[in-house]
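Chemist: Structure file data.cif, mmCIF, C-alpha atoms, is pasted below:
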```cif
data_entry
loop_
_atom_site.label_atom_id
_atom_site.label_comp_id
_atom_site.auth_asym_id
_atom_site.auth_seq_id
_atom_site.Cartn_x
_atom_site.Cartn_y
_atom_site.Cartn_z
CA MET A 7 64.02 178.51 107.30
CA SER A 8 64.27 179.32 103.62
CA ALA A 9 61.34 180.85 101.77
CA THR A 10 61.18 177.79 99.50
CA ARG A 11 60.97 175.37 102.44
CA ALA A 12 58.32 177.50 104.11
CA LEU A 13 56.23 177.47 100.95
CA LEU A 14 56.61 173.68 100.69
CA LEU A 15 55.42 173.22 104.28
CA VAL A 16 52.41 175.45 103.68
CA ALA A 17 51.57 173.59 100.47
CA SER A 18 51.87 170.22 102.25
CA ALA A 19 49.55 171.39 105.04
CA VAL A 20 46.99 172.67 102.53
CA LEU A 21 47.15 169.41 100.57
CA ALA A 22 46.73 167.31 103.72
CA GLN A 23 43.71 169.35 104.74
CA ALA A 24 42.19 169.02 101.28
CA CYS A 25 42.67 165.24 101.29
CA ALA A 26 41.24 164.73 104.79
CA PRO A 27 37.67 163.39 104.82
CA PRO A 28 35.15 166.12 105.65
CA THR A 29 33.59 166.18 109.11
CA PRO A 30 30.05 164.75 108.90
CA THR A 31 27.23 167.27 109.10
CA PRO A 32 24.72 167.05 111.98
CA GLU A 33 22.24 165.60 109.47
CA GLN A 34 24.70 162.83 108.57
CA VAL A 35 25.48 162.08 112.22
CA TYR A 36 21.78 161.79 112.98
CA GLU A 37 21.11 159.61 109.93
CA GLU A 38 23.65 157.06 111.10
CA ALA A 39 23.45 157.29 114.90
CA SER A 40 19.65 157.28 115.15
CA ARG A 41 19.59 153.76 113.69
CA SER A 42 20.99 152.45 116.98
CA VAL A 43 18.78 154.41 119.42
CA ALA A 44 15.43 153.14 120.70
CA MET A 45 12.77 154.04 123.23
CA VAL A 46 12.32 151.82 126.29
CA TYR A 47 9.21 151.22 128.40
CA ALA A 48 8.83 149.32 131.68
CA ALA A 49 5.42 148.07 132.80
CA GLU A 50 3.75 146.29 135.68
CA PRO A 51 2.14 142.87 135.05
CA SER A 52 -1.17 144.72 134.62
CA GLY A 53 0.32 146.61 131.68
CA ARG A 54 0.54 149.98 133.44
CA ILE A 55 3.62 151.90 132.31
CA VAL A 56 5.90 152.72 135.24
CA GLY A 57 9.09 153.74 133.42
CA ARG A 58 9.98 155.45 130.15
CA GLY A 59 13.33 156.28 128.63
CA SER A 60 15.81 155.53 125.87
CA GLY A 61 18.32 152.85 124.96
CA VAL A 62 21.21 152.22 122.58
CA PHE A 63 21.98 149.02 120.69
CA LEU A 64 25.57 147.92 121.22
CA ASP A 65 24.92 144.70 119.33
CA ARG A 66 22.14 143.81 116.92
CA GLU A 67 19.92 142.34 119.68
CA LEU A 68 21.55 143.78 122.79
CA LEU A 69 20.54 147.19 124.10
CA VAL A 70 21.91 149.20 127.04
CA THR A 71 19.76 151.65 129.01
CA SER A 72 19.75 153.32 132.44
CA CYS A 73 18.55 150.98 135.18
CA HIS A 74 16.36 153.65 136.75
CA VAL A 75 14.28 153.65 133.54
CA ILE A 76 13.19 150.04 134.02
CA ALA A 77 13.74 149.36 137.74
CA ARG A 78 10.06 149.57 138.72
CA GLY A 79 8.80 147.35 135.90
CA LYS A 80 8.37 143.61 135.47
CA THR A 81 8.02 143.56 131.68
CA PHE A 82 9.91 145.65 129.14
CA LEU A 83 9.12 146.97 125.68
CA VAL A 84 11.56 148.46 123.18
CA GLY A 85 10.51 150.54 120.18
CA HIS A 86 12.46 151.68 117.15
CA ARG A 87 10.86 153.70 114.35
CA GLN A 88 7.48 152.04 113.75
CA LYS A 89 8.23 148.69 115.37
CA ARG A 90 7.86 147.48 118.97
CA SER A 91 9.19 144.33 120.60
CA HIS A 92 9.27 142.79 124.07
CA ALA A 93 12.67 142.67 125.78
CA ARG A 94 14.32 140.64 128.50
CA LEU A 95 16.78 141.82 131.16
CA VAL A 96 20.10 140.00 130.72
CA GLY A 97 22.54 141.99 132.85
CA TYR A 98 23.12 145.09 134.94
CA ASP A 99 25.75 147.25 136.61
CA ALA A 100 23.89 148.65 139.62
CA GLU A 101 26.69 150.97 140.76
CA ARG A 102 26.75 152.72 137.39
CA ASP A 103 22.99 152.52 136.75
CA LEU A 104 23.36 150.56 133.50
CA CYS A 105 21.14 147.67 132.38
CA ALA A 106 21.32 145.40 129.34
CA LEU A 107 18.24 144.12 127.52
CA HIS A 108 17.96 141.43 124.88
CA VAL A 109 15.46 142.35 122.18
CA ALA A 110 14.84 140.81 118.76
CA GLY A 111 12.79 141.76 115.73
CA LEU A 112 13.76 145.41 115.33
CA ASP A 113 15.56 147.00 112.39
CA ALA A 114 18.17 148.62 114.59
CA VAL A 115 21.93 148.42 114.08
CA ALA A 116 24.74 148.47 116.60
CA ALA A 117 26.27 151.86 117.32
CA ARG A 118 29.85 152.55 116.34
CA ILE A 119 31.82 152.71 119.58
CA GLY A 120 34.03 155.72 120.23
CA ASP A 121 36.82 156.25 122.76
CA ALA A 122 35.53 157.75 126.01
CA ALA A 123 39.10 158.15 127.25
CA ALA A 124 39.76 160.57 124.38
CA VAL A 125 36.82 162.86 125.24
CA ARG A 126 37.92 166.44 125.91
CA VAL A 127 36.14 169.46 127.34
CA GLY A 128 34.99 171.72 124.51
CA GLN A 129 34.40 169.05 121.86
CA ARG A 130 31.07 169.04 120.05
CA VAL A 131 28.65 166.22 120.82
CA TYR A 132 25.13 165.10 119.92
CA ALA A 133 22.52 163.46 122.14
CA ILE A 134 19.79 161.25 120.66
CA GLY A 135 16.95 159.85 122.76
CA THR A 136 13.28 160.07 123.66
CA PRO A 137 12.83 163.20 125.82
CA GLU A 138 9.25 163.50 127.12
CA GLY A 139 8.27 160.67 124.75
CA PHE A 140 9.44 162.39 121.55
CA GLU A 141 11.21 159.51 119.83
CA LEU A 142 14.65 160.01 118.22
CA THR A 143 15.12 163.63 119.20
CA LEU A 144 18.50 165.19 118.39
CA SER A 145 20.21 167.85 120.51
CA GLU A 146 23.63 169.39 120.04
CA GLY A 147 26.11 170.74 122.57
CA LEU A 148 29.62 170.63 123.97
CA VAL A 149 31.42 168.52 126.53
CA SER A 150 31.36 170.97 129.43
CA GLY A 151 33.21 168.92 132.02
CA LEU A 152 34.56 165.54 133.10
CA ARG A 153 33.32 164.81 136.62
CA GLU A 154 34.74 162.24 139.01
CA SER A 155 32.51 160.02 141.13
CA PRO A 156 32.98 156.86 143.20
CA ALA A 157 31.91 154.90 140.12
CA GLY A 158 34.39 156.69 137.85
CA PRO A 159 34.37 159.77 135.58
CA TYR A 160 31.15 161.03 133.99
CA ILE A 161 30.82 163.22 130.92
CA GLN A 162 29.10 166.56 131.54
CA THR A 163 27.48 168.10 128.47
CA THR A 164 25.41 171.07 127.34
CA ALA A 165 23.49 168.85 124.88
CA ALA A 166 19.88 169.20 126.07
CA LEU A 167 18.35 166.29 128.01
CA SER A 168 14.89 165.90 129.57
CA GLU A 169 12.88 163.21 131.31
CA GLY A 170 12.92 160.24 128.95
CA SER A 171 16.43 160.98 127.67
CA SER A 172 17.99 158.61 130.21
CA GLY A 173 19.61 155.63 128.52
CA GLY A 174 20.03 157.40 125.18
CA GLY A 175 23.22 157.96 123.23
CA LEU A 176 25.83 160.70 123.38
CA PHE A 177 27.76 160.76 120.10
CA ASP A 178 30.89 162.57 118.93
CA ARG A 179 31.22 164.61 115.71
CA GLU A 180 31.93 161.43 113.74
CA GLY A 181 28.76 159.72 114.97
CA ARG A 182 30.58 157.39 117.35
CA LEU A 183 28.94 156.52 120.67
CA ILE A 184 30.93 157.98 123.57
CA GLY A 185 28.37 157.87 126.38
CA ILE A 186 24.98 156.76 127.68
CA THR A 187 22.94 159.79 128.74
CA SER A 188 22.20 159.34 132.42
CA PHE A 189 20.69 162.25 134.31
CA VAL A 190 20.10 166.00 134.59
CA TYR A 191 21.02 168.19 137.55
CA SER A 192 17.74 170.07 137.63
CA SER A 193 18.79 172.60 140.28
CA GLY A 194 21.15 174.27 137.79
CA GLN A 195 21.11 175.35 134.16
CA ASN A 196 21.97 172.88 131.39
CA LEU A 197 23.89 170.48 133.63
CA ASN A 198 23.55 167.11 131.90
CA PHE A 199 25.58 163.94 132.38
CA ALA A 200 26.43 160.73 130.52
CA ALA A 201 28.13 157.52 131.59
CA PRO A 202 31.23 156.80 129.45
CA VAL A 203 30.64 154.23 126.73
CA ASN A 204 33.34 151.85 127.97
CA TRP A 205 31.15 150.99 130.97
CA ALA A 206 28.26 150.11 128.66
CA ALA A 207 30.54 148.12 126.36
CA ALA A 208 31.89 146.10 129.28
CA LEU A 209 28.35 145.35 130.44
CA ALA A 210 27.34 144.31 126.92
CA VAL A 211 30.20 141.82 126.75
CA LYS A 212 29.29 140.42 130.15
CA ALA A 213 25.59 140.20 129.28
CA SER A 214 26.03 138.69 125.82
CA GLY A 215 26.36 135.20 127.25
CA ALA A 216 23.01 135.56 129.02
CA ALA A 217 21.21 136.70 125.87
CA SER A 218 20.33 133.17 124.81
CA THR A 219 16.79 132.06 125.55
CA ALA A 220 18.16 129.20 127.67
CA ALA A 221 19.80 131.56 130.17
CA PRO A 222 18.02 132.08 133.51
CA GLU A 223 16.02 135.26 133.96
CA VAL A 224 17.88 138.16 135.54
CA GLU A 225 16.19 140.32 138.18
CA LEU A 226 17.25 143.70 139.52
CA PRO A 227 17.89 144.18 143.24
CA PRO A 228 14.71 145.58 144.89
CA GLU A 229 16.58 148.64 146.18
CA LEU A 230 17.03 149.92 142.62
CA ALA A 231 13.26 150.49 142.41
CA THR A 232 13.48 153.19 145.09
CA GLN A 233 14.49 156.79 144.48
CA TRP A 234 18.03 156.66 143.16
CA ARG A 235 20.58 159.45 143.58
CA HIS A 236 23.46 159.60 141.15
CA PRO A 237 26.98 159.29 142.65
CA VAL A 238 28.07 162.60 141.09
CA LEU A 239 25.38 164.36 143.15
CA ARG A 240 25.99 162.61 146.48
#
```
Show me this structure written as structure tokens.

Modeler:
Amino acid sequence: MSATRALLLVASAVLAQACAPPTPTPEQVYEEASRSVAMVYAAEPSGRIVGRGSGVFLDRELLVTSCHVIARGKTFLVGHRQKRSHARLVGYDAERDLCALHVAGLDAVAARIGDAAAVRVGQRVYAIGTPEGFELTLSEGLVSGLRESPAGPYIQTTAALSEGSSGGGLFDREGRLIGITSFVYSSGQNLNFAAPVNWAAALAVKASGAASTAAPEVELPPELATQWRHPVLR
């Protein structure tokens, strides 16, 4: 290769890098992604809270959360920022522990959907949820593994999760939703898992037809209210 051609290739690479849009900062990712994340409560008819977690809006009035967050409740409440609204169960995927709720009256926006199939070990990710009741908490980490299960592959991450994080969002460096945070393997160190977003998106499409007020009420199978063990850990 001639010296002139080599210089031209270097110059082209530098120019392409200069013209590429900058990677969003963590602050920018949070500013956008947090608009689609909410906290979720499940209660008995008496009003006693029996479940607490997080959820992500995949459409303006359709939120996906982990079923184990709401499985013991009869009524559901979703909160975003300073607003709260009652929600209605409109669909579920019991095998993958994903539930869809219809909720209106909140200033949330739908998350931008990423490509779970493109997720690679080592890429940086952000988790946003309600760990221990602290609404819209951000944690940062890496994809630390892709784990097979009977239900399909789960995303393993070092982004910190705690009780209450279940049902929250796992976002890539561009602020796109790539997973629904699902559970923590508490016997180890920093072993956290998320269901790939394509499962949640498929459920949202299926549940969208039941979101109308005329649709019959959906109820979870009673067995989901018992202690549930994730397929990755079986």

Chemist: Name the residues that the PyMOL selection byres ((chain A and resi 130) around 10) picks from the file above, as a ChimeraX atom specification, using the file's chain letters and numbers.

Modeler: /A:125-129,131-132,146-150,163-165,177-180

Chemist: Work out how far CA of Val46 in chain A is from CA of Thr31 in chain A, in Å to one decimal.

Modeler: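 Between CA of Thr31 in chain A and CA of Val46 in chain A the gap works out to 27.5 Å.
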
Chemist: Residue by residue, what does the PyMOL selection byres ((chain A and resi 69) around 12) grab here? Present the result as a PyMOL selection string.

Modeler: chain A and resi 42-46+60-68+70-73+82-86+93-98+104-110+112+114-117+173-175+186+206-207+209-211+213-214+217

Chemist: Please measure the separation of CA of Gly57 in chain A and CA of Leu226 in chain A, giving the value in Å to one decimal.

Modeler: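 Between these atoms lies a distance of 14.3 Å.
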
Chemist: Between CA of Leu197 in chain A and CA of Gly79 in chain A, measure the distance and give it in Å to one decimal.

Modeler: 27.7 Å

Chemist: With only C-alpha atoms as the atoms that count, which of A:Pro30, A:Gly170, A:Gly139, A:Gly158 lies nearest to Thr187 in chain A?

Modeler: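 Answer, going by the shortest atom-to-atom distance: A:Gly170.
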
Chemist: Translate the PyMOL selection byres ((chain A and resi 204) around 9) into a concrete residue list for this structure, as a list of chain:residue names.

Modeler: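 When the PyMOL selection byres ((chain A and resi 204) around 9) is applied, the selected residues are A:Ile119, A:Gly120, A:Asp121, A:Ala122, A:Ala123, A:Ile184, A:Gly185, A:Ala201, A:Pro202, A:Val203, A:Trp205, A:Ala206, A:Ala207, A:Ala208, A:Leu209.
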
Chemist: Give the answer as one residue: which of A:Arg102, A:Lys89, A:His74, A:Arg153 has the shortest atom-to-atom distance to Leu230 in chain A, using all atoms listed in the file?

Modeler: A:His74

Chemist: Just the residues within 9 Å of Leu167 in chain A, please, counting only C-alpha atoms, with nothing from its chain fewer than 5 positions along; format it as a list in words.

Modeler: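 Residues near the query, excluding close chain neighbours: Ala133, Gly135, Pro137, Ser145, Ser172, Thr187, Phe189, Val190, Asn196, Leu197, Asn198 and Phe199 of chain A.
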